[in-house]
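S.K.: This structure is in structure tokens; I'll ask about it shortly.
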Amino acid sequence: MKFTQLTLREQFNKNHQKTIKRLNNIFISADMIIPILKTAREETRSKPDKVINFTVPSTSSKSKKKRVIPRKKEDFISFLDETISFDLYKYMIISIVSLVEDYLASTTRILLKKYPKKLTARVQGNQTVTINKILDANDLEEIVDSLISERIISIFYGSPSKQFEYFSQVLQLTLESDIVLKYIEIKATRDLLVHSDGIVNDVYLSKVEGMQRADLRERIPLSDDYFDHVIRTCKKLIGIVRRDCLKVYCSNDEEGTGNS
């Protein structure tokens with residue numbers, strides 16, 4: 001069955017189920033990888049070797065050969081410590097936020113496709129249909145699809161607070177403020193991880209509205225508890241979005257199921 005053949009309710013449920021499954025997969029991955037890394041750290045500590053050799057790809061683009069590089073034992077243990085306590089969570093949190101943004105963008109697309117008149121709502125920037133766009137399009141649907149894509153880019157280039165303002169005012173979704181604020185802090189943490197290796201800056205402090213987890217120029221802490229918090233908050237957020245979509249736009253339909 002093609003995506004466009006699904007009912008509105010089925011589209012909301014499918015989008016939610018897919019994202020929940022992928023979030024759970026990220027958590028499962030961390031739960032499996034961290035014990036393996038901890039075991040490797042303990043085994044390395046017990047080895048008499050002072051240098052450990054690793055095989056890595058060669059820099060030559062013409063050769064598939066690999067080369068051996070050495071690592072001092074203490075340097076490799078430090079690397080494992082950093083991976084366990086920070087780097088693994090760093091890359092997984094970046095992935096988690098990307099998944100949530102993709103979910104929110106997909107939900108926005110579903111609604112704008114179903115209710116294109118919502119495109120008339122003003123958002124950041126100006127959106128116009130150029131003559132070339134009209135002439136190059138095969139039909140009206142293609143023009144609307146192009147406008148929807150541009151609108152989504154406009155929304156998600158803005159701050160999370162502006163995004164949620166759009167969801168509330170245009171898409172008519174009622175989002176609990178505590179979950180929104182928690183997600184904004186998570187998104188701000190993700191931005192730190194991408195742009196400054198987790199070192200707190202003024203931009204982070206301005207985004208989090210008193211929910212800061214570290215002071216200026218300190219490294220933002222990542223831990224088991226915070227990782228659990230990120231997963232829980234993101235699952236709650238997309239659950240609330242799905243709930244409101246069903247309530248506002250599918251109230252007369254028979255509800256489907258979307259467990260993961």
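Following the order of the structure tokens, first chain is A, next is B, and so on, with residues numbered from 1 inside each chain and ligands from 1 in the order they appear.
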Pick out the residues sitting within 7 Å of region 84-101 of chain A, and hand them over as a list in words; count only C-alpha atoms, and ignore anything fewer than 4 positions along from it in its own chain.

M.R.: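 What passes the distance filter is Thr19, Leu23, Ile26, Ile34, Leu37, Leu80, Ala105, Lys187, Arg190, Leu193, Leu222, Ser223, Phe227 and Cys234 of chain A.
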
S.K.: Write the selection just made, keeping C-alpha atoms, as a PDB file, in the first residue's frame?

M.R.:
```
ATOM      1  CA  THR A  19       9.914   6.933  15.028  1.00  0.00           C
ATOM      2  CA  LEU A  23      14.263   5.667  19.202  1.00  0.00           C
ATOM      3  CA  ILE A  26      19.056   3.662  19.614  1.00  0.00           C
ATOM      4  CA  ILE A  34      28.415   0.245  26.691  1.00  0.00           C
ATOM      5  CA  LEU A  37      33.288  -1.115  25.876  1.00  0.00           C
ATOM      6  CA  LEU A  80      37.518   4.097  26.034  1.00  0.00           C
ATOM      7  CA  ALA A 105       8.615  17.666   9.701  1.00  0.00           C
ATOM      8  CA  LYS A 187      17.968  20.428  21.225  1.00  0.00           C
ATOM      9  CA  ARG A 190      22.570  18.713  20.626  1.00  0.00           C
ATOM     10  CA  LEU A 193      27.605  18.739  20.746  1.00  0.00           C
ATOM     11  CA  LEU A 222      26.258  13.439  29.529  1.00  0.00           C
ATOM     12  CA  SER A 223      25.308  10.411  31.604  1.00  0.00           C
ATOM     13  CA  PHE A 227      20.396   9.721  28.088  1.00  0.00           C
ATOM     14  CA  CYS A 234      11.403  12.633  22.930  1.00  0.00           C
TER      15      CYS A 234
END
```

S.K.: What's the 12 Å shell around Arg232 (chain A), counting only C-alpha atoms, without same-chain residues fewer than 6 positions away, as number ranges by chain?

M.R.: A: 20, 23-24, 27, 96, 179, 182-183, 186, 225-226, 238-239

S.K.: Enter the distance from CA of Pro160 (chain A) to CA of Arg9 (chain A), in Å, rounded to one decimal.

M.R.: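 Atom-to-atom, CA of Pro160 (chain A) to CA of Arg9 (chain A), that is 25.5 Å.
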
S.K.: Could you work out how far CA of Lys66 (chain A) lies from CA of Lys50 (chain A), giving the answer in Å with one decimal?

M.R.: 22.5 Å

S.K.: List as an MDAnalysis selection string the protein and nucleic acid residues near region 73-75 of chain A, meaning an atom at most 9 Å away when only C-alpha atoms are counted, but skip any in the same chain fewer than 5 places from it.

M.R.: chainID A and resid 44:45 47 49:52 80

S.K.: Would you output that residue set with N, CA, C and O atoms, as a PDB file, in the first residue's frame?

M.R.:
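Final output, saved to out-v3.pdb:
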```pdb
ATOM      1  N   THR A  44      41.863  -4.443  28.738  1.00  0.00           N
ATOM      2  CA  THR A  44      43.058  -3.690  28.352  1.00  0.00           C
ATOM      3  C   THR A  44      43.903  -3.363  29.574  1.00  0.00           C
ATOM      4  O   THR A  44      45.143  -3.463  29.544  1.00  0.00           O
ATOM      5  N   ARG A  45      43.269  -2.982  30.644  1.00  0.00           N
ATOM      6  CA  ARG A  45      44.005  -2.670  31.883  1.00  0.00           C
ATOM      7  C   ARG A  45      44.782  -3.871  32.392  1.00  0.00           C
ATOM      8  O   ARG A  45      45.870  -3.727  32.962  1.00  0.00           O
ATOM      9  N   LYS A  47      46.119  -6.250  30.611  1.00  0.00           N
ATOM     10  CA  LYS A  47      47.151  -6.726  29.679  1.00  0.00           C
ATOM     11  C   LYS A  47      48.525  -6.178  30.065  1.00  0.00           C
ATOM     12  O   LYS A  47      48.632  -5.028  30.495  1.00  0.00           O
ATOM     13  N   ASP A  49      50.840  -5.591  27.878  1.00  0.00           N
ATOM     14  CA  ASP A  49      51.337  -4.787  26.755  1.00  0.00           C
ATOM     15  C   ASP A  49      51.282  -3.292  27.076  1.00  0.00           C
ATOM     16  O   ASP A  49      50.309  -2.811  27.635  1.00  0.00           O
ATOM     17  N   LYS A  50      52.316  -2.579  26.643  1.00  0.00           N
ATOM     18  CA  LYS A  50      52.339  -1.123  26.808  1.00  0.00           C
ATOM     19  C   LYS A  50      51.847  -0.413  25.561  1.00  0.00           C
ATOM     20  O   LYS A  50      51.484   0.761  25.602  1.00  0.00           O
ATOM     21  N   VAL A  51      51.848  -1.148  24.449  1.00  0.00           N
ATOM     22  CA  VAL A  51      51.367  -0.602  23.187  1.00  0.00           C
ATOM     23  C   VAL A  51      50.393  -1.601  22.565  1.00  0.00           C
ATOM     24  O   VAL A  51      50.640  -2.804  22.582  1.00  0.00           O
ATOM     25  N   ILE A  52      49.299  -1.086  22.018  1.00  0.00           N
ATOM     26  CA  ILE A  52      48.304  -1.944  21.367  1.00  0.00           C
ATOM     27  C   ILE A  52      48.197  -1.512  19.911  1.00  0.00           C
ATOM     28  O   ILE A  52      48.097  -0.317  19.613  1.00  0.00           O
ATOM     29  N   LEU A  80      38.700   4.868  25.638  1.00  0.00           N
ATOM     30  CA  LEU A  80      37.518   4.097  26.034  1.00  0.00           C
ATOM     31  C   LEU A  80      36.719   4.824  27.106  1.00  0.00           C
ATOM     32  O   LEU A  80      35.481   4.849  27.069  1.00  0.00           O
TER      33      LEU A  80
END
```

S.K.: Hey, which of A:Val180, A:Val248, A:Met211, A:Ile155 ends up closest to Thr233 (chain A)? Count only C-alpha atoms.

M.R.: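 Answer, going by the shortest atom-to-atom distance: A:Val180.
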
S.K.: Measuring between only C-alpha atoms, which one of A:Thr7, A:Thr39, A:Asn13, A:Asn201 shows the shortest distance to Arg243 (chain A)?

M.R.: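 For Arg243 (chain A), the nearest of the candidates is A:Asn13.
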
S.K.: Pick out the closest residue to Lys207 (chain A) from this set: A:Ile231, A:Ile152, A:Leu181, A:Leu119. Count only C-alpha atoms.

M.R.: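 Using only C-alpha atoms, the shortest distance to Lys207 (chain A) belongs to A:Leu181.
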
S.K.: Of the candidates A:Lys38, A:Glu165, A:Thr189, A:Asp202, which one gets nearest to Pro221 (chain A) if we count only C-alpha atoms?

M.R.: A:Thr189

S.K.: Compare A:Val208, A:Tyr103, A:Ser46, A:His229 by their minimum atom-to-atom distance to Gln17 (chain A), counting only C-alpha atoms, and give me the closest one.

M.R.: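 Of all the options, A:Tyr103 lies closest to Gln17 (chain A).
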